[in-house]
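Engineer: Sharing model.pdb below, PDB, C-alpha atoms:
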```pdb
ATOM      1  CA  MET A  96      45.955 -79.158 -38.908  1.00  0.00           C
ATOM      2  CA  SER A  97      43.936 -76.643 -36.899  1.00  0.00           C
ATOM      3  CA  LEU A  98      42.225 -73.625 -38.426  1.00  0.00           C
ATOM      4  CA  LEU A  99      44.896 -71.446 -36.856  1.00  0.00           C
ATOM      5  CA  ASP A 100      47.595 -73.333 -38.779  1.00  0.00           C
ATOM      6  CA  ILE A 101      46.017 -72.829 -42.217  1.00  0.00           C
ATOM      7  CA  PRO A 102      47.239 -69.220 -42.786  1.00  0.00           C
ATOM      8  CA  ARG A 103      50.795 -70.224 -41.863  1.00  0.00           C
ATOM      9  CA  ALA A 104      50.704 -73.272 -44.145  1.00  0.00           C
ATOM     10  CA  LEU A 105      49.396 -71.133 -46.989  1.00  0.00           C
ATOM     11  CA  ARG A 106      52.124 -68.536 -46.389  1.00  0.00           C
ATOM     12  CA  ASP A 107      54.820 -71.216 -46.422  1.00  0.00           C
ATOM     13  CA  PHE A 108      53.400 -72.627 -49.680  1.00  0.00           C
ATOM     14  CA  ILE A 109      53.458 -69.230 -51.397  1.00  0.00           C
ATOM     15  CA  PHE A 110      56.580 -67.948 -49.627  1.00  0.00           C
ATOM     16  CA  PRO A 111      58.590 -71.036 -48.653  1.00  0.00           C
ATOM     17  CA  THR A 112      61.027 -70.808 -45.755  1.00  0.00           C
ATOM     18  CA  SER A 113      63.339 -73.636 -46.817  1.00  0.00           C
ATOM     19  CA  CYS A 114      65.578 -73.891 -49.861  1.00  0.00           C
ATOM     20  CA  HIS A 115      63.997 -75.910 -52.677  1.00  0.00           C
ATOM     21  CA  LEU A 116      67.256 -77.731 -53.329  1.00  0.00           C
ATOM     22  CA  CYS A 117      69.036 -78.304 -50.006  1.00  0.00           C
ATOM     23  CA  GLY A 118      66.289 -77.650 -47.439  1.00  0.00           C
ATOM     24  CA  ASN A 119      68.264 -75.062 -45.471  1.00  0.00           C
ATOM     25  CA  HIS A 120      66.425 -72.093 -43.995  1.00  0.00           C
ATOM     26  CA  ILE A 121      65.916 -69.105 -46.298  1.00  0.00           C
ATOM     27  CA  GLU A 122      64.407 -65.657 -45.911  1.00  0.00           C
ATOM     28  CA  THR A 123      60.754 -65.198 -46.783  1.00  0.00           C
ATOM     29  CA  GLY A 124      60.314 -64.441 -50.468  1.00  0.00           C
ATOM     30  CA  GLN A 125      63.352 -66.442 -51.541  1.00  0.00           C
ATOM     31  CA  ILE A 126      63.370 -69.862 -53.219  1.00  0.00           C
ATOM     32  CA  LEU A 127      67.015 -70.859 -52.866  1.00  0.00           C
ATOM     33  CA  CYS A 128      69.680 -70.336 -50.252  1.00  0.00           C
ATOM     34  CA  GLY A 129      72.691 -68.298 -51.304  1.00  0.00           C
ATOM     35  CA  ILE A 130      74.896 -71.369 -51.729  1.00  0.00           C
ATOM     36  CA  CYS A 131      72.480 -73.213 -54.046  1.00  0.00           C
ATOM     37  CA  GLN A 132      71.720 -70.052 -55.976  1.00  0.00           C
ATOM     38  CA  ALA A 133      75.421 -69.428 -56.622  1.00  0.00           C
ATOM     39  CA  ALA A 134      75.965 -73.066 -57.626  1.00  0.00           C
ATOM     40  CA  LEU A 135      73.471 -73.028 -60.508  1.00  0.00           C
ATOM     41  CA  PRO A 136      75.559 -73.376 -63.698  1.00  0.00           C
ATOM     42  CA  ARG A 137      75.348 -70.128 -65.689  1.00  0.00           C
ATOM     43  CA  THR A 138      75.989 -70.326 -69.417  1.00  0.00           C
ATOM     44  CA  LEU A 139      77.120 -66.703 -69.779  1.00  0.00           C
ATOM     45  CA  TYR A 140      75.829 -66.989 -73.352  1.00  0.00           C
ATOM     46  CA  HIS A 141      74.652 -63.376 -73.223  1.00  0.00           C
ATOM     47  CA  THR A 142      78.300 -62.289 -73.354  1.00  0.00           C
ATOM     48  CA  ASN A 143      78.794 -63.979 -76.751  1.00  0.00           C
ATOM     49  CA  PRO A 144      76.492 -63.026 -79.654  1.00  0.00           C
ATOM     50  CA  ASN A 145      77.431 -66.224 -81.497  1.00  0.00           C
ATOM     51  CA  ASN A 146      76.740 -68.530 -78.568  1.00  0.00           C
ATOM     52  CA  PRO A 147      75.505 -72.128 -79.023  1.00  0.00           C
ATOM     53  CA  MET A 148      71.865 -71.222 -78.352  1.00  0.00           C
ATOM     54  CA  ALA A 149      71.913 -68.426 -80.923  1.00  0.00           C
ATOM     55  CA  MET A 150      73.394 -70.853 -83.431  1.00  0.00           C
ATOM     56  CA  ARG A 151      70.296 -73.064 -83.083  1.00  0.00           C
ATOM     57  CA  PHE A 152      68.236 -70.286 -84.656  1.00  0.00           C
ATOM     58  CA  ALA A 153      70.748 -68.988 -87.185  1.00  0.00           C
ATOM     59  CA  GLY A 154      69.187 -68.972 -90.654  1.00  0.00           C
ATOM     60  CA  LYS A 155      65.699 -69.906 -89.400  1.00  0.00           C
ATOM     61  CA  PHE A 156      64.465 -66.362 -88.788  1.00  0.00           C
ATOM     62  CA  PRO A 157      66.008 -62.945 -88.093  1.00  0.00           C
ATOM     63  CA  PHE A 158      66.672 -62.046 -84.452  1.00  0.00           C
ATOM     64  CA  ASP A 159      68.858 -59.631 -82.515  1.00  0.00           C
ATOM     65  CA  ARG A 160      70.181 -61.817 -79.685  1.00  0.00           C
ATOM     66  CA  ALA A 161      69.492 -65.058 -77.859  1.00  0.00           C
ATOM     67  CA  THR A 162      70.502 -66.663 -74.582  1.00  0.00           C
ATOM     68  CA  GLY A 163      69.569 -69.433 -72.192  1.00  0.00           C
ATOM     69  CA  HIS A 164      70.668 -68.466 -68.698  1.00  0.00           C
ATOM     70  CA  PHE A 165      71.377 -71.842 -67.063  1.00  0.00           C
ATOM     71  CA  PHE A 166      72.702 -75.102 -68.446  1.00  0.00           C
ATOM     72  CA  TYR A 167      69.834 -77.589 -68.332  1.00  0.00           C
ATOM     73  CA  SER A 168      69.949 -81.368 -68.104  1.00  0.00           C
ATOM     74  CA  SER A 169      67.702 -84.020 -66.594  1.00  0.00           C
ATOM     75  CA  GLY A 170      68.196 -84.302 -62.844  1.00  0.00           C
ATOM     76  CA  ALA A 171      70.280 -81.137 -62.601  1.00  0.00           C
ATOM     77  CA  PRO A 172      69.352 -78.557 -59.933  1.00  0.00           C
ATOM     78  CA  ILE A 173      67.747 -76.207 -62.460  1.00  0.00           C
ATOM     79  CA  SER A 174      65.716 -79.161 -63.734  1.00  0.00           C
ATOM     80  CA  GLU A 175      64.462 -79.794 -60.204  1.00  0.00           C
ATOM     81  CA  LEU A 176      63.377 -76.169 -59.934  1.00  0.00           C
ATOM     82  CA  MET A 177      61.533 -76.384 -63.240  1.00  0.00           C
ATOM     83  CA  GLN A 178      59.811 -79.564 -62.061  1.00  0.00           C
ATOM     84  CA  ASP A 179      58.717 -77.716 -58.917  1.00  0.00           C
ATOM     85  CA  LEU A 180      57.376 -74.882 -61.046  1.00  0.00           C
ATOM     86  CA  LYS A 181      55.621 -76.922 -63.729  1.00  0.00           C
ATOM     87  CA  TYR A 182      54.409 -80.067 -61.995  1.00  0.00           C
ATOM     88  CA  ARG A 183      54.670 -79.711 -58.203  1.00  0.00           C
ATOM     89  CA  ARG A 184      52.560 -76.554 -57.937  1.00  0.00           C
ATOM     90  CA  PHE A 185      55.127 -74.078 -56.715  1.00  0.00           C
ATOM     91  CA  PRO A 186      54.216 -71.032 -58.837  1.00  0.00           C
ATOM     92  CA  SER A 187      56.463 -68.731 -56.780  1.00  0.00           C
ATOM     93  CA  VAL A 188      59.500 -70.348 -58.464  1.00  0.00           C
ATOM     94  CA  GLY A 189      58.599 -68.612 -61.744  1.00  0.00           C
ATOM     95  CA  PRO A 190      58.810 -64.947 -60.682  1.00  0.00           C
ATOM     96  CA  PHE A 191      61.863 -65.743 -58.537  1.00  0.00           C
ATOM     97  CA  LEU A 192      63.760 -67.138 -61.548  1.00  0.00           C
ATOM     98  CA  GLY A 193      62.623 -64.248 -63.719  1.00  0.00           C
ATOM     99  CA  ARG A 194      63.891 -61.671 -61.223  1.00  0.00           C
ATOM    100  CA  LEU A 195      67.148 -63.568 -60.669  1.00  0.00           C
ATOM    101  CA  ILE A 196      67.902 -63.787 -64.388  1.00  0.00           C
ATOM    102  CA  ALA A 197      66.941 -60.172 -65.079  1.00  0.00           C
ATOM    103  CA  ASP A 198      69.139 -58.926 -62.234  1.00  0.00           C
ATOM    104  CA  GLU A 199      72.095 -60.933 -63.525  1.00  0.00           C
ATOM    105  CA  LEU A 200      71.579 -59.770 -67.118  1.00  0.00           C
ATOM    106  CA  PHE A 201      71.147 -56.130 -66.091  1.00  0.00           C
ATOM    107  CA  PRO A 202      74.859 -55.153 -66.237  1.00  0.00           C
ATOM    108  CA  SER A 203      74.972 -56.324 -69.875  1.00  0.00           C
ATOM    109  CA  ALA A 204      73.104 -54.838 -72.840  1.00  0.00           C
ATOM    110  CA  PHE A 205      70.939 -57.907 -73.323  1.00  0.00           C
ATOM    111  CA  LEU A 206      67.760 -56.427 -71.816  1.00  0.00           C
ATOM    112  CA  GLN A 207      68.268 -52.900 -73.090  1.00  0.00           C
ATOM    113  CA  ASP A 208      66.123 -51.215 -75.756  1.00  0.00           C
ATOM    114  CA  LEU A 209      63.203 -53.620 -75.479  1.00  0.00           C
ATOM    115  CA  ASP A 210      59.579 -52.542 -75.829  1.00  0.00           C
ATOM    116  CA  TYR A 211      57.740 -55.663 -74.686  1.00  0.00           C
ATOM    117  CA  ILE A 212      58.177 -59.043 -73.057  1.00  0.00           C
ATOM    118  CA  LEU A 213      56.205 -61.839 -74.701  1.00  0.00           C
ATOM    119  CA  PRO A 214      55.920 -65.187 -72.872  1.00  0.00           C
ATOM    120  CA  ILE A 215      55.267 -68.292 -74.952  1.00  0.00           C
ATOM    121  CA  PRO A 216      51.527 -68.941 -74.536  1.00  0.00           C
ATOM    122  CA  MET A 217      49.897 -72.122 -73.274  1.00  0.00           C
ATOM    123  CA  HIS A 218      46.623 -73.555 -74.561  1.00  0.00           C
ATOM    124  CA  PHE A 219      43.777 -72.570 -72.262  1.00  0.00           C
ATOM    125  CA  LEU A 220      42.855 -76.188 -71.448  1.00  0.00           C
ATOM    126  CA  LYS A 221      46.399 -77.014 -70.333  1.00  0.00           C
ATOM    127  CA  LYS A 222      46.594 -73.758 -68.408  1.00  0.00           C
ATOM    128  CA  ALA A 223      43.303 -74.569 -66.676  1.00  0.00           C
ATOM    129  CA  ARG A 224      44.634 -77.991 -65.612  1.00  0.00           C
ATOM    130  CA  ARG A 225      47.936 -76.608 -64.312  1.00  0.00           C
ATOM    131  CA  GLY A 226      46.433 -73.440 -62.891  1.00  0.00           C
ATOM    132  CA  TYR A 227      48.950 -71.114 -64.544  1.00  0.00           C
ATOM    133  CA  ASN A 228      51.387 -70.761 -67.427  1.00  0.00           C
ATOM    134  CA  GLN A 229      54.878 -71.076 -65.943  1.00  0.00           C
ATOM    135  CA  THR A 230      56.394 -68.949 -68.707  1.00  0.00           C
ATOM    136  CA  GLU A 231      54.025 -66.088 -67.880  1.00  0.00           C
ATOM    137  CA  LEU A 232      55.242 -66.236 -64.278  1.00  0.00           C
ATOM    138  CA  ILE A 233      58.880 -66.120 -65.386  1.00  0.00           C
ATOM    139  CA  ALA A 234      58.090 -63.179 -67.671  1.00  0.00           C
ATOM    140  CA  ALA A 235      56.364 -61.386 -64.784  1.00  0.00           C
ATOM    141  CA  GLY A 236      59.559 -61.670 -62.729  1.00  0.00           C
ATOM    142  CA  VAL A 237      61.664 -60.249 -65.574  1.00  0.00           C
ATOM    143  CA  SER A 238      59.161 -57.421 -65.977  1.00  0.00           C
ATOM    144  CA  GLU A 239      59.211 -56.687 -62.250  1.00  0.00           C
ATOM    145  CA  SER A 240      62.988 -56.224 -62.288  1.00  0.00           C
ATOM    146  CA  THR A 241      63.230 -54.323 -65.579  1.00  0.00           C
ATOM    147  CA  GLY A 242      59.987 -52.385 -65.895  1.00  0.00           C
ATOM    148  CA  ILE A 243      59.494 -53.766 -69.420  1.00  0.00           C
ATOM    149  CA  PRO A 244      55.768 -54.477 -69.890  1.00  0.00           C
ATOM    150  CA  VAL A 245      54.467 -57.960 -70.622  1.00  0.00           C
ATOM    151  CA  ARG A 246      52.186 -58.313 -73.647  1.00  0.00           C
ATOM    152  CA  HIS A 247      50.295 -61.306 -75.026  1.00  0.00           C
ATOM    153  CA  PHE A 248      50.453 -60.961 -78.784  1.00  0.00           C
ATOM    154  CA  LEU A 249      50.220 -64.729 -79.314  1.00  0.00           C
ATOM    155  CA  LYS A 250      47.803 -67.426 -78.291  1.00  0.00           C
ATOM    156  CA  ALA A 251      48.052 -71.214 -78.525  1.00  0.00           C
ATOM    157  CA  SER A 252      45.247 -72.229 -80.859  1.00  0.00           C
ATOM    158  CA  ARG A 253      45.378 -75.933 -80.050  1.00  0.00           C
ATOM    159  CA  PRO A 254      46.946 -78.216 -77.437  1.00  0.00           C
ATOM    160  CA  HIS A 255      50.032 -80.229 -78.298  1.00  0.00           C
ATOM    161  CA  ARG A 256      51.550 -83.355 -76.809  1.00  0.00           C
ATOM    162  CA  THR A 257      54.688 -83.235 -74.715  1.00  0.00           C
ATOM    163  CA  GLN A 258      57.912 -82.653 -76.642  1.00  0.00           C
ATOM    164  CA  THR A 259      60.179 -84.730 -74.393  1.00  0.00           C
ATOM    165  CA  ALA A 260      60.573 -87.912 -76.454  1.00  0.00           C
ATOM    166  CA  LEU A 261      60.155 -86.387 -79.935  1.00  0.00           C
ATOM    167  CA  THR A 262      62.764 -85.949 -82.650  1.00  0.00           C
ATOM    168  CA  ILE A 263      63.480 -82.497 -84.088  1.00  0.00           C
ATOM    169  CA  GLU A 264      61.242 -83.217 -87.076  1.00  0.00           C
ATOM    170  CA  GLN A 265      58.445 -84.505 -84.834  1.00  0.00           C
ATOM    171  CA  ARG A 266      58.742 -81.442 -82.594  1.00  0.00           C
ATOM    172  CA  MET A 267      58.333 -79.098 -85.546  1.00  0.00           C
ATOM    173  CA  GLU A 268      55.321 -81.042 -86.810  1.00  0.00           C
ATOM    174  CA  ASN A 269      53.866 -81.114 -83.297  1.00  0.00           C
ATOM    175  CA  LEU A 270      54.077 -77.308 -83.189  1.00  0.00           C
ATOM    176  CA  ARG A 271      53.041 -76.563 -86.760  1.00  0.00           C
ATOM    177  CA  ASN A 272      50.430 -73.803 -86.822  1.00  0.00           C
ATOM    178  CA  ILE A 273      50.020 -74.036 -83.050  1.00  0.00           C
ATOM    179  CA  PHE A 274      50.297 -70.279 -82.481  1.00  0.00           C
ATOM    180  CA  THR A 275      48.030 -67.557 -83.803  1.00  0.00           C
ATOM    181  CA  LEU A 276      48.022 -63.818 -83.255  1.00  0.00           C
ATOM    182  CA  ALA A 277      45.879 -62.363 -80.517  1.00  0.00           C
ATOM    183  CA  GLU A 278      47.054 -58.875 -81.498  1.00  0.00           C
ATOM    184  CA  ILE A 279      49.430 -57.579 -84.154  1.00  0.00           C
ATOM    185  CA  PRO A 280      52.414 -55.758 -82.595  1.00  0.00           C
ATOM    186  CA  ARG A 281      53.235 -52.315 -83.919  1.00  0.00           C
ATOM    187  CA  SER A 282      55.742 -52.034 -86.725  1.00  0.00           C
ATOM    188  CA  GLY A 283      59.353 -52.207 -85.569  1.00  0.00           C
ATOM    189  CA  ALA A 284      58.527 -53.242 -82.003  1.00  0.00           C
ATOM    190  CA  ARG A 285      61.437 -54.792 -80.093  1.00  0.00           C
ATOM    191  CA  ILE A 286      60.139 -57.930 -78.404  1.00  0.00           C
ATOM    192  CA  LEU A 287      61.769 -60.327 -75.946  1.00  0.00           C
ATOM    193  CA  LEU A 288      60.348 -63.836 -76.457  1.00  0.00           C
ATOM    194  CA  ILE A 289      60.579 -65.853 -73.232  1.00  0.00           C
ATOM    195  CA  ASP A 290      60.256 -69.613 -72.727  1.00  0.00           C
ATOM    196  CA  ASP A 291      61.200 -71.910 -69.854  1.00  0.00           C
ATOM    197  CA  VAL A 292      63.674 -74.306 -71.532  1.00  0.00           C
ATOM    198  CA  CYS A 293      65.270 -74.415 -74.978  1.00  0.00           C
ATOM    199  CA  THR A 294      66.108 -77.870 -76.309  1.00  0.00           C
ATOM    200  CA  THR A 295      65.811 -77.891 -80.107  1.00  0.00           C
ATOM    201  CA  GLY A 296      64.333 -74.395 -80.256  1.00  0.00           C
ATOM    202  CA  SER A 297      61.233 -75.567 -82.116  1.00  0.00           C
ATOM    203  CA  THR A 298      58.762 -73.768 -79.831  1.00  0.00           C
ATOM    204  CA  LEU A 299      60.533 -70.426 -80.086  1.00  0.00           C
ATOM    205  CA  THR A 300      60.941 -70.874 -83.833  1.00  0.00           C
ATOM    206  CA  SER A 301      57.232 -71.517 -84.331  1.00  0.00           C
ATOM    207  CA  ALA A 302      56.321 -68.478 -82.218  1.00  0.00           C
ATOM    208  CA  ALA A 303      58.843 -66.218 -83.958  1.00  0.00           C
ATOM    209  CA  LEU A 304      57.715 -67.214 -87.450  1.00  0.00           C
ATOM    210  CA  THR A 305      54.091 -66.548 -86.539  1.00  0.00           C
ATOM    211  CA  LEU A 306      54.990 -63.052 -85.341  1.00  0.00           C
ATOM    212  CA  LEU A 307      57.260 -62.232 -88.268  1.00  0.00           C
ATOM    213  CA  HIS A 308      54.751 -63.471 -90.829  1.00  0.00           C
ATOM    214  CA  ALA A 309      52.278 -60.867 -89.566  1.00  0.00           C
ATOM    215  CA  GLN A 310      54.810 -58.095 -88.874  1.00  0.00           C
ATOM    216  CA  PRO A 311      58.156 -58.635 -90.665  1.00  0.00           C
ATOM    217  CA  SER A 312      59.690 -55.479 -89.190  1.00  0.00           C
ATOM    218  CA  LEU A 313      59.695 -56.833 -85.615  1.00  0.00           C
ATOM    219  CA  ARG A 314      62.999 -56.976 -83.740  1.00  0.00           C
ATOM    220  CA  LEU A 315      63.053 -60.222 -81.762  1.00  0.00           C
ATOM    221  CA  SER A 316      65.318 -61.361 -78.936  1.00  0.00           C
ATOM    222  CA  LEU A 317      65.121 -64.755 -77.213  1.00  0.00           C
ATOM    223  CA  LEU A 318      65.521 -65.695 -73.549  1.00  0.00           C
ATOM    224  CA  THR A 319      65.004 -68.985 -71.732  1.00  0.00           C
ATOM    225  CA  VAL A 320      65.678 -70.033 -68.157  1.00  0.00           C
ATOM    226  CA  GLY A 321      67.430 -73.230 -69.191  1.00  0.00           C
ATOM    227  CA  VAL A 322      69.163 -74.445 -72.344  1.00  0.00           C
ATOM    228  CA  THR A 323      70.357 -77.969 -73.075  1.00  0.00           C
ATOM    229  CA  TYR A 324      73.901 -78.668 -74.111  1.00  0.00           C
TER     230      TYR A 324
END
```
Give the structure from this file in structure tokens form.
Structural biologist:
Amino acid sequence: MSLLDIPRALRDFIFPTSCHLCGNHIETGQILCGICQAALPRTLYHTNPNNPMAMRFAGKFPFDRATGHFFYSSGAPISELMQDLKYRRFPSVGPFLGRLIADELFPSAFLQDLDYILPIPMHFLKKARRGYNQTELIAAGVSESTGIPVRHFLKASRPHRTQTALTIEQRMENLRNIFTLAEIPRSGARILLIDDVCTTGSTLTSAALTLLHAQPSLRLSLLTVGVTY
């Protein structure tokens, strides 16, 4: 590669010109072609207050509403996008998904009357290795489309091992006391907790309980890019 090619290569890395799923040409600033974008399986959970994701948290802590936007399973297209974002160093996938989800939720009331967006934090050592927290990038995309500010009320006080092969009980133990408050939100604040994927819900539960222990009057809502089924 010549020196003249470096700026173009960098531009294509940050703003890819081919669809991440099918390889077809896309406009600069996009991640997916229109066909692949339309084919991602939406849950439409936000249209049903008693949806399966919300039921995972029922009785664990008080919350206003909860949704995962896409059905998630290993090897599915949304899983490939999350692999690109988390492990293949394509950070531009995060804001793209955040904007896409926010735009699709906009006609509903799901994102209305919110004060802050709070991404699930990542321990600083893990963030240093990866170079970014993918959930912060997703939250930035949601914020860009909605104007709702992102705040960082939580911090991860210790690293934790991957959750992939753990049981529900092991996941909860793995996340016990992992989050601490970086700042106490104001009383009655309406906060949207954002994570990348919801499987058992243990990460969101741990974060929510940490927040509510410090400020019981908080109004929490939950949003993830993917949700297992």
Engineer: For a cutoff of 6 Å around the file-coordinate point (67.3, -62.2, -79.7), which residues qualify once you count all atoms listed in the file? I'd like the result as a list in words.
Structural biologist: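 Residues found, by chain and rising number: Phe158, Asp159, Arg160, Ala161, Leu315, Ser316 and Leu317 of chain A.
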Engineer: Tell me, in Å to one decimal, how far atom CA of A:Ala134 is from atom CA of A:Phe165.
Structural biologist: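 Interatomic distance here is 10.6 Å.
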Engineer: Once the PyMOL selection byres ((chain A and resi 292) around 7) has been evaluated on this model, what residues remain selected, and can you format them as a VMD selection string?
Structural biologist: chain A and resid 290 to 291 293 to 294 319 to 322
Engineer: Keeping only C-alpha atoms, write the selected residues as a CSV table (one decimal), keeping the file's coordinate frame.
Structural biologist:
```csv
chain,number,residue,atom,x,y,z
A,290,ASP,CA,60.3,-69.6,-72.7
A,291,ASP,CA,61.2,-71.9,-69.9
A,293,CYS,CA,65.3,-74.4,-75.0
A,294,THR,CA,66.1,-77.9,-76.3
A,319,THR,CA,65.0,-69.0,-71.7
A,320,VAL,CA,65.7,-70.0,-68.2
A,321,GLY,CA,67.4,-73.2,-69.2
A,322,VAL,CA,69.2,-74.4,-72.3
```
Engineer: Between A:Leu192, A:Leu249, A:Ile243, A:Leu200, which one has atoms that come closest to A:Tyr140, using all atoms listed in the file?
Structural biologist: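 Among the listed residues, the smallest separation from A:Tyr140 belongs to A:Leu200.
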Engineer: Interatomic distance between atom CA of A:Asn146 and atom CA of A:Lys181?
Structural biologist: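 That distance, rounded to one decimal, is 27.1 Å.
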Engineer: Quick one: residues within 9 Å of A:Cys117, all atoms listed in the file counted, chain neighbours fewer than 6 positions away excluded, as a list in words?
Structural biologist: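 In the requested form, the answer reads Leu127, Cys128 and Cys131 of chain A.
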Engineer: Can you work out the spacing between atom CA of A:Met217 and atom CA of A:Leu232 in Å, to one decimal?
Structural biologist: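 Distance reported for this atom pair: 12.0 Å.
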Engineer: Taking 4 positions as the minimum chain separation for residues in the same chain, which residues sit within 8 Å of stretch 150-153 of chain A when counting all atoms listed in the file? Answer as a ChimeraX atom specification.
Structural biologist: /A:145-146,157,295-296,300
Engineer: Give me the residues near A:Asn119 as a list in words, where near means some atom within 10 Å (using only C-alpha atoms) and where sequence neighbours in that chain fewer than 3 positions away do not count.
Structural biologist: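 Everything that qualifies: Thr112, Ser113, Cys114, His115, Leu116, Leu127, Cys128, Gly129, Ile130 and Cys131 of chain A.
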Engineer: I want to know what sits within 10 Å of A:Phe219, based on only C-alpha atoms, with residues of the same chain fewer than 6 positions away left out; could you give that as a ChimeraX atom specification?
Structural biologist: /A:225-228,250-254
Engineer: With 10 Å as the threshold, what does the neighbourhood of (55.7, -67.5, -61.4) contain in terms of residues, counting only C-alpha atoms? Coordinates are those of the file; answer as a list in words.
Structural biologist: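 Result, sorted by chain then residue number: Leu180, Lys181, Phe185, Pro186, Ser187, Val188, Gly189, Pro190, Phe191, Leu192, Gly193, Tyr227, Asn228, Gln229, Thr230, Glu231, Leu232, Ile233, Ala234, Ala235 and Gly236 of chain A.
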Engineer: Measuring between all atoms listed in the file, which one of A:Phe274, A:Phe201, A:Tyr211, A:Tyr167 shows the shortest distance to A:Val245?
Structural biologist: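 Counting all atoms listed in the file, the residue closest to A:Val245 is A:Tyr211.
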Engineer: Skipping near chain neighbours, those fewer than 5 positions away, what residues fall within 9 Å of A:Phe156 using all atoms listed in the file, listed as a PyMOL selection string?
Structural biologist: chain A and resi 300+303-304+307
Engineer: Would you put the residues from that selection into a file with C-alpha atoms, as a PDB file, in the coordinates of the input?
Structural biologist:
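Contents of the output file selection28.pdb:
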```pdb
ATOM      1  CA  THR A 300      60.941 -70.874 -83.833  1.00  0.00           C
ATOM      2  CA  ALA A 303      58.843 -66.218 -83.958  1.00  0.00           C
ATOM      3  CA  LEU A 304      57.715 -67.214 -87.450  1.00  0.00           C
ATOM      4  CA  LEU A 307      57.260 -62.232 -88.268  1.00  0.00           C
TER       5      LEU A 307
END
```
Engineer: So, with only C-alpha atoms as the atoms that count, which of A:Ser203, A:His164, A:His218, A:Glu278 lies closest to A:Arg246?
Structural biologist: A:Glu278
Engineer: Do you know which residues the PyMOL selection byres ((chain A and resi 288) around 6) returns on this file, as a list in words?
Structural biologist: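 Evaluating the PyMOL selection byres ((chain A and resi 288) around 6) on this file yields Leu213, Pro214, Leu287, Ile289 and Leu317 of chain A.
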